$ cat model37.txt   # compact mmCIF, C-alpha atoms and all ligand atoms
# COMPACT_ATOMS: atom_id res chain seq x y z
CA MET A 1 46.83 91.64 90.70
CA GLY A 2 43.62 93.49 91.61
CA ILE A 3 43.92 96.81 93.43
CA VAL A 4 42.04 97.31 96.70
CA ASN A 5 42.57 100.90 97.84
CA VAL A 6 41.16 101.43 101.33
CA THR A 7 41.79 105.17 101.06
CA PRO A 8 39.73 108.36 100.91
CA ASP A 9 42.10 109.97 98.36
CA SER A 10 43.53 107.51 95.79
CA PHE A 11 43.76 109.20 92.42
CA SER A 12 41.27 107.07 90.51
CA ASP A 13 39.08 105.36 93.10
CA GLY A 14 39.70 107.36 96.29
CA GLY A 15 36.72 107.41 98.63
CA HIS A 16 34.95 104.55 96.85
CA TYR A 17 36.16 101.80 99.12
CA ASP A 18 37.39 103.54 102.26
CA ARG A 19 34.88 101.69 104.44
CA SER A 20 35.96 98.12 105.04
CA ASP A 21 32.61 96.65 103.98
CA ALA A 22 32.81 98.46 100.64
CA ALA A 23 36.48 97.47 100.23
CA LEU A 24 35.65 93.84 100.95
CA ALA A 25 32.77 93.74 98.49
CA HIS A 26 35.11 95.26 95.91
CA ALA A 27 37.86 92.73 96.71
CA ARG A 28 35.38 89.86 96.37
CA SER A 29 34.29 91.16 92.99
CA LEU A 30 37.92 91.44 91.80
CA VAL A 31 38.48 87.77 92.70
CA GLU A 32 35.30 86.80 90.84
CA GLN A 33 36.56 88.76 87.83
CA GLY A 34 39.75 86.67 87.81
CA ALA A 35 42.31 88.43 90.02
CA ASP A 36 45.04 85.99 91.13
CA ILE A 37 46.40 88.35 93.81
CA LEU A 38 44.76 91.12 95.88
CA ASP A 39 46.90 94.18 96.61
CA VAL A 40 45.54 95.99 99.66
CA GLY A 41 46.71 99.54 100.38
CA GLY A 42 45.81 102.17 102.98
CA GLU A 43 47.81 105.16 101.76
CA SER A 44 47.60 107.00 98.46
CA THR A 45 50.98 107.42 96.79
CA ARG A 46 49.75 109.62 93.95
CA PRO A 47 52.00 112.61 93.17
CA GLY A 48 51.63 115.21 95.90
CA ALA A 49 49.61 112.95 98.24
CA THR A 50 49.72 113.81 101.95
CA PRO A 51 51.35 110.99 103.94
CA VAL A 52 49.26 109.25 106.62
CA SER A 53 50.58 107.83 109.90
CA ALA A 54 51.35 104.13 110.22
CA GLU A 55 48.56 103.88 112.81
CA GLU A 56 45.99 105.35 110.43
CA GLU A 57 47.22 103.19 107.55
CA TRP A 58 46.90 100.06 109.65
CA ARG A 59 43.50 101.11 111.00
CA ARG A 60 42.27 101.33 107.39
CA ILE A 61 43.61 98.02 106.12
CA GLU A 62 43.48 95.69 109.13
CA PRO A 63 39.80 94.65 108.89
CA VAL A 64 40.12 94.12 105.15
CA LEU A 65 43.29 92.05 105.50
CA ARG A 66 41.83 89.91 108.27
CA ALA A 67 38.88 89.04 106.03
CA VAL A 68 40.70 88.42 102.74
CA MET A 69 43.32 86.27 104.45
CA GLY A 70 40.59 83.66 104.78
CA TRP A 71 39.81 83.52 101.07
CA ASN A 72 42.64 81.35 99.81
CA VAL A 73 43.80 84.08 97.42
CA PRO A 74 47.37 85.41 97.65
CA VAL A 75 47.39 88.76 99.44
CA SER A 76 49.84 91.58 98.93
CA VAL A 77 50.09 94.69 101.12
CA ASP A 78 50.96 97.99 99.47
CA THR A 79 52.93 99.84 102.14
CA ARG A 80 56.24 101.63 102.63
CA ARG A 81 56.19 101.59 106.43
CA THR A 82 58.04 99.00 108.50
CA ALA A 83 55.45 99.16 111.29
CA VAL A 84 52.64 98.32 108.87
CA MET A 85 54.69 95.55 107.23
CA ALA A 86 55.33 93.97 110.65
CA GLN A 87 51.63 93.85 111.48
CA ALA A 88 50.73 92.54 108.04
CA LEU A 89 53.40 89.84 108.26
CA ALA A 90 51.99 88.77 111.62
CA LEU A 91 48.71 88.06 109.81
CA GLY A 92 50.60 85.94 107.26
CA VAL A 93 50.32 88.04 104.11
CA ASP A 94 52.04 86.67 101.01
CA ILE A 95 53.71 89.72 99.49
CA ILE A 96 54.94 93.11 100.69
CA ASN A 97 54.56 95.58 97.82
CA ASP A 98 56.74 98.56 98.68
CA VAL A 99 56.95 101.62 96.44
CA GLN A 100 60.10 102.54 98.39
CA ALA A 101 61.78 99.15 97.89
CA LEU A 102 62.30 98.39 101.62
CA GLN A 103 64.16 101.62 102.34
CA ASP A 104 62.18 102.53 105.47
CA GLU A 105 64.25 101.98 108.61
CA GLY A 106 64.19 98.33 109.66
CA ALA A 107 62.21 97.11 106.62
CA LEU A 108 65.03 95.12 105.07
CA ALA A 109 65.89 93.38 108.36
CA LEU A 110 62.22 92.64 109.02
CA LEU A 111 61.77 90.93 105.65
CA ALA A 112 65.14 89.17 105.88
CA ALA A 113 63.96 87.57 109.12
CA GLN A 114 61.07 85.99 107.19
CA SER A 115 61.63 82.95 105.04
CA ARG A 116 58.92 83.08 102.40
CA THR A 117 57.09 86.39 102.01
CA GLY A 118 57.55 87.88 98.55
CA VAL A 119 58.77 91.45 98.15
CA CYS A 120 58.07 93.86 95.32
CA LEU A 121 60.84 96.44 94.95
CA MET A 122 59.66 99.48 93.02
CA HIS A 123 61.73 102.27 91.52
CA MET A 124 60.96 105.76 92.77
CA ARG A 125 62.96 108.86 93.68
CA GLY A 126 62.19 111.05 96.68
CA GLN A 127 58.78 110.75 98.33
CA PRO A 128 55.34 110.69 96.68
CA SER A 129 54.90 114.28 97.90
CA SER A 130 58.03 115.43 96.02
CA MET A 131 58.84 112.77 93.41
CA GLN A 132 57.77 114.75 90.34
CA ALA A 133 60.65 117.16 91.10
CA HIS A 134 63.07 114.28 90.40
CA THR A 135 62.50 113.44 86.75
CA THR A 136 65.95 114.39 85.42
CA TYR A 137 67.98 111.27 84.68
CA GLU A 138 71.65 111.53 83.78
CA ASP A 139 71.65 108.45 81.62
CA ASP A 140 68.52 107.48 79.71
CA VAL A 141 65.64 106.59 82.01
CA VAL A 142 65.40 102.92 81.07
CA LYS A 143 69.08 102.31 81.73
CA ALA A 144 68.90 104.29 84.98
CA VAL A 145 65.85 102.38 86.26
CA ALA A 146 67.36 99.03 85.23
CA ALA A 147 70.63 99.83 86.99
CA TRP A 148 68.86 101.00 90.15
CA LEU A 149 66.61 97.93 90.29
CA ALA A 150 69.56 95.57 89.74
CA GLN A 151 71.50 97.26 92.52
CA ARG A 152 68.53 97.26 94.90
CA ALA A 153 67.84 93.58 94.23
CA GLN A 154 71.47 92.84 94.99
CA ALA A 155 71.30 94.77 98.28
CA VAL A 156 68.14 92.92 99.26
CA ARG A 157 69.75 89.57 98.46
CA SER A 158 72.85 90.48 100.43
CA ALA A 159 70.57 91.12 103.42
CA GLY A 160 69.44 87.51 103.16
CA ILE A 161 66.29 87.61 101.01
CA GLY A 162 66.38 84.88 98.37
CA ALA A 163 66.13 85.74 94.67
CA GLU A 164 62.94 83.65 94.39
CA ARG A 165 61.18 86.08 96.75
CA ILE A 166 61.89 89.20 94.67
CA LEU A 167 59.73 91.04 92.12
CA LEU A 168 60.92 94.24 90.43
CA ASP A 169 58.78 97.17 89.27
CA PRO A 170 59.81 100.18 87.14
CA GLY A 171 57.36 102.42 89.08
CA ILE A 172 55.26 103.89 86.29
CA GLY A 173 54.40 107.50 87.21
CA PHE A 174 56.80 107.65 90.16
CA ALA A 175 59.39 110.40 89.51
CA LYS A 176 58.90 110.06 85.75
CA THR A 177 57.51 112.18 82.95
CA ALA A 178 54.95 110.78 80.51
CA GLU A 179 57.67 110.29 77.87
CA GLN A 180 59.84 108.43 80.38
CA ASN A 181 56.92 106.15 81.31
CA LEU A 182 56.31 105.41 77.63
CA ALA A 183 59.99 104.58 77.11
CA LEU A 184 59.83 102.16 80.04
CA LEU A 185 56.98 100.31 78.32
CA LYS A 186 58.50 100.37 74.86
CA ARG A 187 61.81 99.02 76.16
CA GLN A 188 60.45 96.90 79.00
CA ARG A 189 62.42 93.89 77.74
CA GLU A 190 65.56 95.59 79.08
CA LEU A 191 64.01 95.29 82.55
CA SER A 192 62.77 91.73 82.16
CA ALA A 193 66.35 90.87 81.16
CA LEU A 194 67.31 91.51 84.80
CA ASP A 195 66.05 87.99 85.48
CA TYR A 196 63.48 88.75 88.15
CA PRO A 197 59.74 88.66 87.53
CA LEU A 198 58.42 92.13 86.73
CA LEU A 199 55.34 93.71 88.28
CA VAL A 200 53.98 96.65 86.31
CA GLY A 201 51.27 99.16 87.18
CA TRP A 202 49.88 101.28 84.35
CA SER A 203 46.29 101.20 85.50
CA ARG A 204 44.48 104.54 84.95
CA LYS A 205 47.73 106.48 85.35
CA SER A 206 48.09 110.08 84.21
CA THR A 207 50.29 109.23 81.21
CA LEU A 208 47.28 107.35 79.80
CA GLY A 209 45.20 110.45 80.49
CA LEU A 210 47.67 112.57 78.53
CA VAL A 211 47.68 110.11 75.64
CA THR A 212 43.88 109.73 75.43
CA GLY A 213 42.63 113.01 76.88
CA ARG A 214 40.45 111.09 79.34
CA PRO A 215 39.93 111.46 83.11
CA ALA A 216 40.95 108.60 85.43
CA ALA A 217 37.46 107.07 85.54
CA GLU A 218 37.45 106.67 81.73
CA ARG A 219 40.87 105.09 81.28
CA ALA A 220 39.89 101.40 81.40
CA ALA A 221 40.47 100.75 77.68
CA ALA A 222 43.78 102.63 77.71
CA SER A 223 44.80 100.70 80.84
CA VAL A 224 44.00 97.37 79.22
CA ALA A 225 46.05 98.33 76.15
CA ALA A 226 49.03 99.23 78.34
CA ALA A 227 48.62 96.08 80.44
CA LEU A 228 48.58 93.89 77.35
CA LEU A 229 51.69 95.58 75.96
CA ALA A 230 53.35 95.10 79.36
CA ALA A 231 52.45 91.42 79.36
CA GLN A 232 53.84 91.06 75.86
CA GLY A 233 56.99 92.84 77.06
CA GLY A 234 57.50 90.14 79.67
CA ALA A 235 55.63 91.41 82.76
CA ALA A 236 54.71 88.62 85.17
CA VAL A 237 52.24 90.57 87.31
CA LEU A 238 49.90 93.33 86.15
CA ARG A 239 48.61 95.63 88.91
CA VAL A 240 45.16 96.72 87.69
CA HIS A 241 41.83 98.24 88.74
CA ASP A 242 39.85 96.81 85.81
CA VAL A 243 40.39 93.10 86.32
CA ALA A 244 37.63 91.63 84.11
CA GLN A 245 38.65 93.67 81.06
CA THR A 246 42.34 92.87 81.56
CA VAL A 247 41.63 89.15 81.95
CA ASP A 248 39.64 89.19 78.67
CA ALA A 249 42.51 90.89 76.83
CA LEU A 250 45.00 88.34 78.17
CA ARG A 251 42.67 85.50 77.13
CA VAL A 252 42.57 86.80 73.58
CA TRP A 253 46.37 87.09 73.47
CA ARG A 254 46.80 83.57 74.85
CA ALA A 255 44.29 82.14 72.37
CA VAL A 256 46.15 83.79 69.51
CA GLU A 257 49.44 82.39 70.78
CA ALA A 258 47.93 78.93 71.21
CA GLY A 259 46.02 79.13 67.93
CA ALA A 260 43.05 77.63 69.75
CA VAL A 261 40.01 78.53 71.80
CA PRO A 262 40.56 77.48 75.42
CA SER A 263 38.47 74.54 76.59
CA THR A 264 35.93 75.55 79.25
N1 LIG B 1 51.18 102.34 91.76
C1 LIG B 1 50.42 102.87 92.74
C2 LIG B 1 50.44 102.30 94.02
N2 LIG B 1 51.20 101.23 94.30
N3 LIG B 1 52.74 99.59 93.61
C3 LIG B 1 53.50 99.06 92.65
N4 LIG B 1 54.27 97.99 92.92
N5 LIG B 1 53.52 99.57 91.37
C4 LIG B 1 52.79 100.65 91.02
O1 LIG B 1 52.87 101.09 89.85
C5 LIG B 1 51.96 101.25 92.03
C6 LIG B 1 51.96 100.68 93.33
C7 LIG B 1 49.55 104.05 92.46
O2 LIG B 1 48.32 103.66 91.99
P1 LIG B 1 46.95 103.53 92.83
O3 LIG B 1 47.02 102.52 93.91
O4 LIG B 1 45.89 103.28 91.82
O5 LIG B 1 46.69 104.96 93.41
P2 LIG B 1 47.02 105.66 94.81
O6 LIG B 1 48.49 105.57 95.06
O7 LIG B 1 46.54 107.07 94.61
O8 LIG B 1 46.26 104.91 95.88

$ encode --input "model37.txt" --output "structure tokens"
Amino acid sequence: MGIVNVTPDSFSDGGHYDRSDAALAHARSLVEQGADILDVGGESTRPGATPVSAEEEWRRIEPVLRAVMGWNVPVSVDTRRTAVMAQALALGVDIINDVQALQDEGALALLAAQSRTGVCLMHMRGQPSSMQAHTTYEDDVVKAVAAWLAQRAQAVRSAGIGAERILLDPGIGFAKTAEQNLALLKRQRELSALDYPLLVGWSRKSTLGLVTGRPAAERAAASVAAALLAAQGGAAVLRVHDVAQTVDALRVWRAVEAGAVPST
């Protein structure tokens, strides 16, 4: 899943693609590099980010969505607002990727009224502006995140959304310390055991900065390492900025598993 941030303030690529022509050129390049899904977002959810209105979020992403919907590539929309989801669904997007797991008012009912759109339910506590104040977990973090995701998936199914439409995401960097993020990768199998496909986003995140001492723009190698470990831990979807490098790493892993060079 290639990340298309149409934002002036995303933590690693903010301001690079906040014009729709730049975002579209970037999205095209991600597809050429091998992205199977494009994840388009119009609001930064980095720790401490200032929220934007639904109108502003939609103004940013609408032209990009309208264009990429014609490319025959699955499109996901990264939003936590029901109003934005409704407009994106009207365009026929394939996945709603919600860092708040459909907890905005009306979001669950809106998605339940659809029959096929996928939903990604991510674990977070509080709001992006306050989430780093919520990193104390009673039980250990992996058990707490697993329990929360299982319960949320159940609630979403009870509202009428079929299991085959659900992806779960531990929410790396959302209300978690670096050590907690690392534990979620080391023990990711406990999350894949929940029996839903897992989406995982380690790309350029601050834990990788703490581990390597590098700023966001220089975290591609660290991100690829984390993505490969996540894939080996059972992740089905990797949300990444550096698509070409991640695809190469996955090709090497697959070739090793197959014991053969893929035919071209
Ligand atoms: N991380 C970010 C945004 N959306 N969605 C899911 N499902 N999982 C994630 O881990 C995730 C996400 C934050 O990363 P990014 O888009 O690079 O930055 P920003 O929020 O600053 O735009």

$ closest_residue --input "model37.txt" --among "A:Glu32, A:Asp104, A:Asp195, A:Asp9" --to "ligand LIG 1 (chain B)" --atoms "all atoms listed in the file"
A:Asp9

$ residues_around --input "model37.txt" --residues "Leu91 in chain A" --least-positions-apart "4" --cutoff "10 Å" --atoms "only C-alpha atoms" --output "MDAnalysis selection string"
chainID A and resid 62 65:66 69 85:87

$ closest_residue --input "model37.txt" --among "A:Leu210, A:Leu184, A:Ala113, A:Val4" --to "ligand LIG 1 (chain B)" --atoms "only C-alpha atoms and all ligand atoms"
A:Val4

$ residues_near_ligand --input "model37.txt" --ligand "ligand LIG 1 (chain B)" --cutoff "9 Å" --atoms "only C-alpha atoms and all ligand atoms" --output "ChimeraX atom specification"
/A:3-14,39-47,49,78-79,97-99,120-123,128,167-174,199-205,238-241

$ write_last_selection --input "model37.txt" --atoms "C-alpha atoms" --output "PDB file, in the coordinates of the input"
ATOM      1  CA  ILE A   3      43.920  96.810  93.430  1.00  0.00           C
ATOM      2  CA  VAL A   4      42.040  97.310  96.700  1.00  0.00           C
ATOM      3  CA  ASN A   5      42.570 100.900  97.840  1.00  0.00           C
ATOM      4  CA  VAL A   6      41.160 101.430 101.330  1.00  0.00           C
ATOM      5  CA  THR A   7      41.790 105.170 101.060  1.00  0.00           C
ATOM      6  CA  PRO A   8      39.730 108.360 100.910  1.00  0.00           C
ATOM      7  CA  ASP A   9      42.100 109.970  98.360  1.00  0.00           C
ATOM      8  CA  SER A  10      43.530 107.510  95.790  1.00  0.00           C
ATOM      9  CA  PHE A  11      43.760 109.200  92.420  1.00  0.00           C
ATOM     10  CA  SER A  12      41.270 107.070  90.510  1.00  0.00           C
ATOM     11  CA  ASP A  13      39.080 105.360  93.100  1.00  0.00           C
ATOM     12  CA  GLY A  14      39.700 107.360  96.290  1.00  0.00           C
ATOM     13  CA  ASP A  39      46.900  94.180  96.610  1.00  0.00           C
ATOM     14  CA  VAL A  40      45.540  95.990  99.660  1.00  0.00           C
ATOM     15  CA  GLY A  41      46.710  99.540 100.380  1.00  0.00           C
ATOM     16  CA  GLY A  42      45.810 102.170 102.980  1.00  0.00           C
ATOM     17  CA  GLU A  43      47.810 105.160 101.760  1.00  0.00           C
ATOM     18  CA  SER A  44      47.600 107.000  98.460  1.00  0.00           C
ATOM     19  CA  THR A  45      50.980 107.420  96.790  1.00  0.00           C
ATOM     20  CA  ARG A  46      49.750 109.620  93.950  1.00  0.00           C
ATOM     21  CA  PRO A  47      52.000 112.610  93.170  1.00  0.00           C
ATOM     22  CA  ALA A  49      49.610 112.950  98.240  1.00  0.00           C
ATOM     23  CA  ASP A  78      50.960  97.990  99.470  1.00  0.00           C
ATOM     24  CA  THR A  79      52.930  99.840 102.140  1.00  0.00           C
ATOM     25  CA  ASN A  97      54.560  95.580  97.820  1.00  0.00           C
ATOM     26  CA  ASP A  98      56.740  98.560  98.680  1.00  0.00           C
ATOM     27  CA  VAL A  99      56.950 101.620  96.440  1.00  0.00           C
ATOM     28  CA  CYS A 120      58.070  93.860  95.320  1.00  0.00           C
ATOM     29  CA  LEU A 121      60.840  96.440  94.950  1.00  0.00           C
ATOM     30  CA  MET A 122      59.660  99.480  93.020  1.00  0.00           C
ATOM     31  CA  HIS A 123      61.730 102.270  91.520  1.00  0.00           C
ATOM     32  CA  PRO A 128      55.340 110.690  96.680  1.00  0.00           C
ATOM     33  CA  LEU A 167      59.730  91.040  92.120  1.00  0.00           C
ATOM     34  CA  LEU A 168      60.920  94.240  90.430  1.00  0.00           C
ATOM     35  CA  ASP A 169      58.780  97.170  89.270  1.00  0.00           C
ATOM     36  CA  PRO A 170      59.810 100.180  87.140  1.00  0.00           C
ATOM     37  CA  GLY A 171      57.360 102.420  89.080  1.00  0.00           C
ATOM     38  CA  ILE A 172      55.260 103.890  86.290  1.00  0.00           C
ATOM     39  CA  GLY A 173      54.400 107.500  87.210  1.00  0.00           C
ATOM     40  CA  PHE A 174      56.800 107.650  90.160  1.00  0.00           C
ATOM     41  CA  LEU A 199      55.340  93.710  88.280  1.00  0.00           C
ATOM     42  CA  VAL A 200      53.980  96.650  86.310  1.00  0.00           C
ATOM     43  CA  GLY A 201      51.270  99.160  87.180  1.00  0.00           C
ATOM     44  CA  TRP A 202      49.880 101.280  84.350  1.00  0.00           C
ATOM     45  CA  SER A 203      46.290 101.200  85.500  1.00  0.00           C
ATOM     46  CA  ARG A 204      44.480 104.540  84.950  1.00  0.00           C
ATOM     47  CA  LYS A 205      47.730 106.480  85.350  1.00  0.00           C
ATOM     48  CA  LEU A 238      49.900  93.330  86.150  1.00  0.00           C
ATOM     49  CA  ARG A 239      48.610  95.630  88.910  1.00  0.00           C
ATOM     50  CA  VAL A 240      45.160  96.720  87.690  1.00  0.00           C
ATOM     51  CA  HIS A 241      41.830  98.240  88.740  1.00  0.00           C
TER      52      HIS A 241
END

$ atom_distance --input "model37.txt" --atom1 "CA of Asn72 in chain A" --atom2 "CA of Glu56 in chain A"
26.5 Å

$ closest_residue --input "model37.txt" --among "A:Ala235, A:Ala175, A:Ala225, A:Ala216" --to "Thr135 in chain A" --atoms "all atoms listed in the file"
A:Ala175
